[in-house]
Number of protein chains: 2
Amino acid sequence: MAVGEFPFPQMHPVPGFSLGVASAGIKRPGRRDVVVMAAAEGATVAGVFTTNAFCAAPVTVCKERLAKGAPRYFVTNTGNANACTGASGLANARKVCAEVARLLNCDENLVLPFSTGVIGEPLPVDKILPVLPDAVAALAEDQWENAGHGIMTTDTRPKGATAAFTFEGETIVVSGISKGSGMIKPNMATMLGYVATNAKVSQPVLQALLREATDLSFNRITVDGDTSTNDSGVLIATGKTALPEITEAAGDYYQKLRAAVIEVHEQLARAIVADGEGATKFVTIEVSGAAKKAEATQVAYAVAHSPLIKTALFASDPNWGRIVAAIGYAGVDGLDADKVRVHLGDALIVENGGRADSYTEQQGQAVMNQAEITIRIDLGRGQEADRVWTTDFSHDYVTINADYRS
Amino acid sequence: MAVGEFPFPQMHPVPGFSLGVASAGIKRPGRRDVVVMAAAEGATVAGVFTTNAFCAAPVTVCKERLAKGAPRYFVTNTGNANACTGASGLANARKVCAEVARLLNCDENLVLPFSTGVIGEPLPVDKILPVLPDAVAALAEDQWENAGHGIMTTDTRPKGATAAFTFEGETIVVSGISKGSGMIKPNMATMLGYVATNAKVSQPVLQALLREATDLSFNRITVDGDTSTNDSGVLIATGKTALPEITEAAGDYYQKLRAAVIEVHEQLARAIVADGEGATKFVTIEVSGAAKKAEATQVAYAVAHSPLIKTALFASDPNWGRIVAAIGYAGVDGLDADKVRVHLGDALIVENGGRADSYTEQQGQAVMNQAEITIRIDLGRGQEADRVWTTDFSHDYVTINADYRS
């Protein structure tokens, strides 16, 4: 199941960035499950990764290699997360990278590995290595949609987003793909996200921009509150433009790029939520009037993670009592319940510590019947705000996760 | 659905403590939904209550009155939580207490109110007041099971526990009932719990004992991670014994009482989990080897709240990858994944950052096929430990919460 239509967009190819896909049959024969990506020489790369203490072998290798220099190649497999696999997992991740390096005749430290799928099983290197030549041979700038398919696991559709702007007569594009459907509550990173631009950007500026865009997008979504062992997001700047290198986070050119990068990240994050396991609703939770941003985030996630609220959303039941209960237990010190105001869509449902006089069950029902629902919470104690996107909890969520070994 | 058999025990009546039940038809005609309890003159009472900022009107009244003096009467209704009901909710809670006081010819400050059920609807005082005389007329020391029925909401069975010991030839009994099935992640209190003893105990000692027993029982269970607006637990000491008053938490007599009170609380807490909404498994999560107790608690709850682990438990799937992922994101600073050891029942499944060499899927499957499952996690960084009890997440959980307006 998935909410709404998120058709794969007509992608702007990114000059200097190509993608190639192959089928290794890791989980199912014939499925596209290996993707290689390549950036032009001189590209800069930024990365953000899961904070899970049991981070996967490929995440460890990515972090090491990003610290060392400027990687240019990216190899991804689905069907196996290579997580909780100990020393042999690290060796396997490096083995796959070494083969990509051999095929492309580069130093293996320039290759970053990514894996997603079942945790704790040995990476089937013997299936992956033989198809890497196919993926390398297929490298081309117009393969975004194919690569979007190649990184899917329980996703029901590929996820892409694209933006472009002109500056001083030059066209700058930003394109990206992401995957993710369950075990989604990224922390400092996404499930898997790859975004590229032809702008030329110094690595520190690129890293700061990726961090900002991630915090506004992948770090503000949750399906089930489970932070994966493999979350990884990269932003690649190929520099294939006549415009000068961006070396500081300032100026009109930077601001236009920033807006495009954030827009692409937000679209990719929304696409992950809309394709959440068993999702029938796309839910936005906006919290304002907080004394600190952290408490706005805290309340938003308390509401987003409550199984009672998520099952009520599935049932299209305007059960606002469960919403106030979650606000109440979110752990905001000294919260004055009488000052809290809650809107469901445009309907004011709670104020002065109780149900708003103007509220009718019909108003709430009308909002709940929609596939996209916004819950707005004003804590009435300050100026800070935050927003998260989430889904409901359906029978299909239970079925998918009781049946699928992830 | 519910796990295992938890037959209502043959209760020891508590001298000086009586219970009476009536039917007000709050939610369904004919259902037992109003309970009055009365303690003998001279009884001491301790109470613990929800930390939810949207705490219910009866919780506010209970706290006020416990601070003022020694209450002796307790009036409970189900079917309506009288939560998020503003000033009129407080007035309604006091109105019910005043009627009990009138019938029993006492000061209304000696009556404590308790409510459980739907949040945000006005308390149907007009239904409750007329049946209070029935409940008062029924007051008797042998009505524990009847009262256990009278406080149920989505519970599928009444929950009671009882213990007794002798000291210097005198018999001391401890008996209690509880209710709770969903919106269960008590914080500083239980859903509703009433435990009474005929020991004579000074109020400060009784309060400290209730706090300790609650932290070992009701504060270590979770069904869905949602902390209710109405959680309340009381411990009543009627003093109907020839033994002297306990005025400090020390000595053989106190230790025997302490053990009995904790045992009764733990049985009542386990009964709530086993009757969790849609529960098919009773799951114990034991965390040891923590540097601080708080981090053991944190890891135990991260595992207990993960929807991915709960759905795997429902499917009897030994999906240990989801367990290590939850340990990894629980937020323990500097956790060394290589030192973590995880057992499923008696089977060692994870060590040295990966699957244990000795582990076989058959071992894990054999544990998962049982209705009672223990997950043991050794963090390998200290001597502190904690334990929580929880349930799985089933289709029935979704059905119950998508259909029931709580």
# chains A, B, ... in the order shown; residues from 1 in each chain; ligands from 1

$ select_by_dssp --residues "region 34-264 of chain A" --states "strand (DSSP E or B)" --output "PyMOL selection string"
chain A and resi 34-39+44-49+73-80+85+111-118+140+159-167+170-179+192-197+201+221-222+232-237+246

$ select_by_dssp --residues "region 214-285 of chain B" --states "helix (DSSP H, G or I)" --output "PyMOL selection string"
chain B and resi 214-215+218-220+251-274

$ residues_around --residues "Gln298 (chain B)" --least-positions-apart "6" --cutoff "12 Å" --atoms "only C-alpha atoms" --output "ChimeraX atom specification"
/B:220,285-288,290-292,304-305,326-333,379,385-388

$ write_last_selection --atoms "C-alpha atoms" --output "compact mmCIF listing (two decimals), in the first residue's frame"
# COMPACT_ATOMS: atom_id res chain seq x y z
CA ARG B 220 8.30 -1.55 34.25
CA ILE B 285 13.36 -8.00 28.47
CA GLU B 286 16.30 -8.20 30.84
CA VAL B 287 19.22 -5.83 30.36
CA SER B 288 22.44 -6.31 32.35
CA ALA B 290 24.95 -1.44 31.97
CA ALA B 291 27.13 1.39 33.30
CA LYS B 292 24.05 3.08 34.81
CA ALA B 304 10.02 -3.20 24.12
CA HIS B 305 8.64 -0.34 22.00
CA ALA B 326 17.00 -1.32 18.57
CA ILE B 327 19.88 -1.76 21.02
CA GLY B 328 22.01 0.28 18.66
CA TYR B 329 19.61 3.21 18.42
CA ALA B 330 18.63 3.24 22.10
CA GLY B 331 20.98 6.16 22.62
CA VAL B 332 23.62 4.64 24.91
CA ASP B 333 26.65 6.92 24.56
CA LEU B 379 25.75 -4.47 27.34
CA ALA B 385 20.55 -3.97 35.24
CA ASP B 386 16.84 -3.51 34.64
CA ARG B 387 13.89 -5.51 33.37
CA VAL B 388 10.61 -4.68 31.62

$ closest_residue --among "B:Ala208, B:Val350, B:Val36, B:Ala294" --to "chain A" --atoms "only C-alpha atoms"
B:Val350

$ residues_around --residues "Thr76 (chain A)" --least-positions-apart "2" --cutoff "6 Å" --atoms "only C-alpha atoms" --output "PyMOL selection string"
chain A and resi 34-35+113-115

$ residues_around --residues "His395 (chain A)" --least-positions-apart "6" --cutoff "8 Å" --atoms "only C-alpha atoms" --output "VMD selection string"
(chain A and resid 278) or (chain B and resid 395 398 to 399)

$ atom_distance --atom1 "CA of Ala213 (chain B)" --atom2 "CA of Val118 (chain B)"
27.9 Å

$ atom_distance --atom1 "CA of Pro133 (chain A)" --atom2 "CA of Arg31 (chain A)"
16.6 Å

$ residues_around --residues "region 165-167 of chain A" --least-positions-apart "6" --cutoff "10 Å" --atoms "only C-alpha atoms" --output "list in words"
Val173, Val174, Leu243, Asp252, Tyr253, Lys256, Leu257, Ala259 and Ala260 of chain A

$ residues_around --residues "Val273 (chain B)" --least-positions-apart "2" --cutoff "10 Å" --atoms "only C-alpha atoms" --output "number ranges by chain"
B: 2-3, 180-182, 184, 218, 221-223, 268-271, 275-277, 279, 281-283, 389-392

$ write_last_selection --atoms "C-alpha atoms" --output "mmCIF file, in the first residue's frame"
data_model
loop_
_atom_site.group_PDB
_atom_site.id
_atom_site.type_symbol
_atom_site.label_atom_id
_atom_site.label_comp_id
_atom_site.auth_asym_id
_atom_site.auth_seq_id
_atom_site.Cartn_x
_atom_site.Cartn_y
_atom_site.Cartn_z
ATOM 1 C CA ALA B 2 -4.673 -12.671 26.066
ATOM 2 C CA VAL B 3 -1.583 -14.710 26.919
ATOM 3 C CA GLY B 180 -5.275 -1.982 32.165
ATOM 4 C CA SER B 181 -4.883 -3.363 28.689
ATOM 5 C CA GLY B 182 -4.032 -0.522 26.282
ATOM 6 C CA ILE B 184 -0.042 1.178 28.892
ATOM 7 C CA PHE B 218 3.696 -0.999 37.067
ATOM 8 C CA ILE B 221 5.558 -2.642 31.877
ATOM 9 C CA THR B 222 4.569 -1.379 28.468
ATOM 10 C CA VAL B 223 2.007 -2.458 25.926
ATOM 11 C CA LEU B 268 -0.854 -7.352 39.061
ATOM 12 C CA ALA B 269 1.592 -5.779 36.592
ATOM 13 C CA ARG B 270 2.258 -9.089 34.861
ATOM 14 C CA ALA B 271 -1.485 -9.669 34.632
ATOM 15 C CA ASP B 275 -3.975 -9.099 28.994
ATOM 16 C CA GLY B 276 -2.430 -6.453 26.698
ATOM 17 C CA GLU B 277 -4.589 -5.492 23.744
ATOM 18 C CA ALA B 279 -1.353 -9.819 23.020
ATOM 19 C CA LYS B 281 3.140 -13.241 23.724
ATOM 20 C CA PHE B 282 4.348 -12.307 27.191
ATOM 21 C CA VAL B 283 7.835 -10.902 26.765
ATOM 22 C CA TRP B 389 7.617 -6.763 30.628
ATOM 23 C CA THR B 390 5.808 -6.248 27.341
ATOM 24 C CA THR B 391 3.734 -7.866 24.606
ATOM 25 C CA ASP B 392 3.807 -8.391 20.862
#

$ closest_residue --among "B:Ile177, B:Asp224, B:Met368, B:Thr60" --to "Val303 (chain B)" --atoms "only C-alpha atoms"
B:Asp224

$ atom_distance --atom1 "CA of Ala302 (chain B)" --atom2 "CA of Ile375 (chain B)"
12.6 Å

$ closest_residue --among "A:Thr78, A:Thr156, A:Thr311, A:Gln363" --to "chain B" --atoms "only C-alpha atoms"
A:Thr311
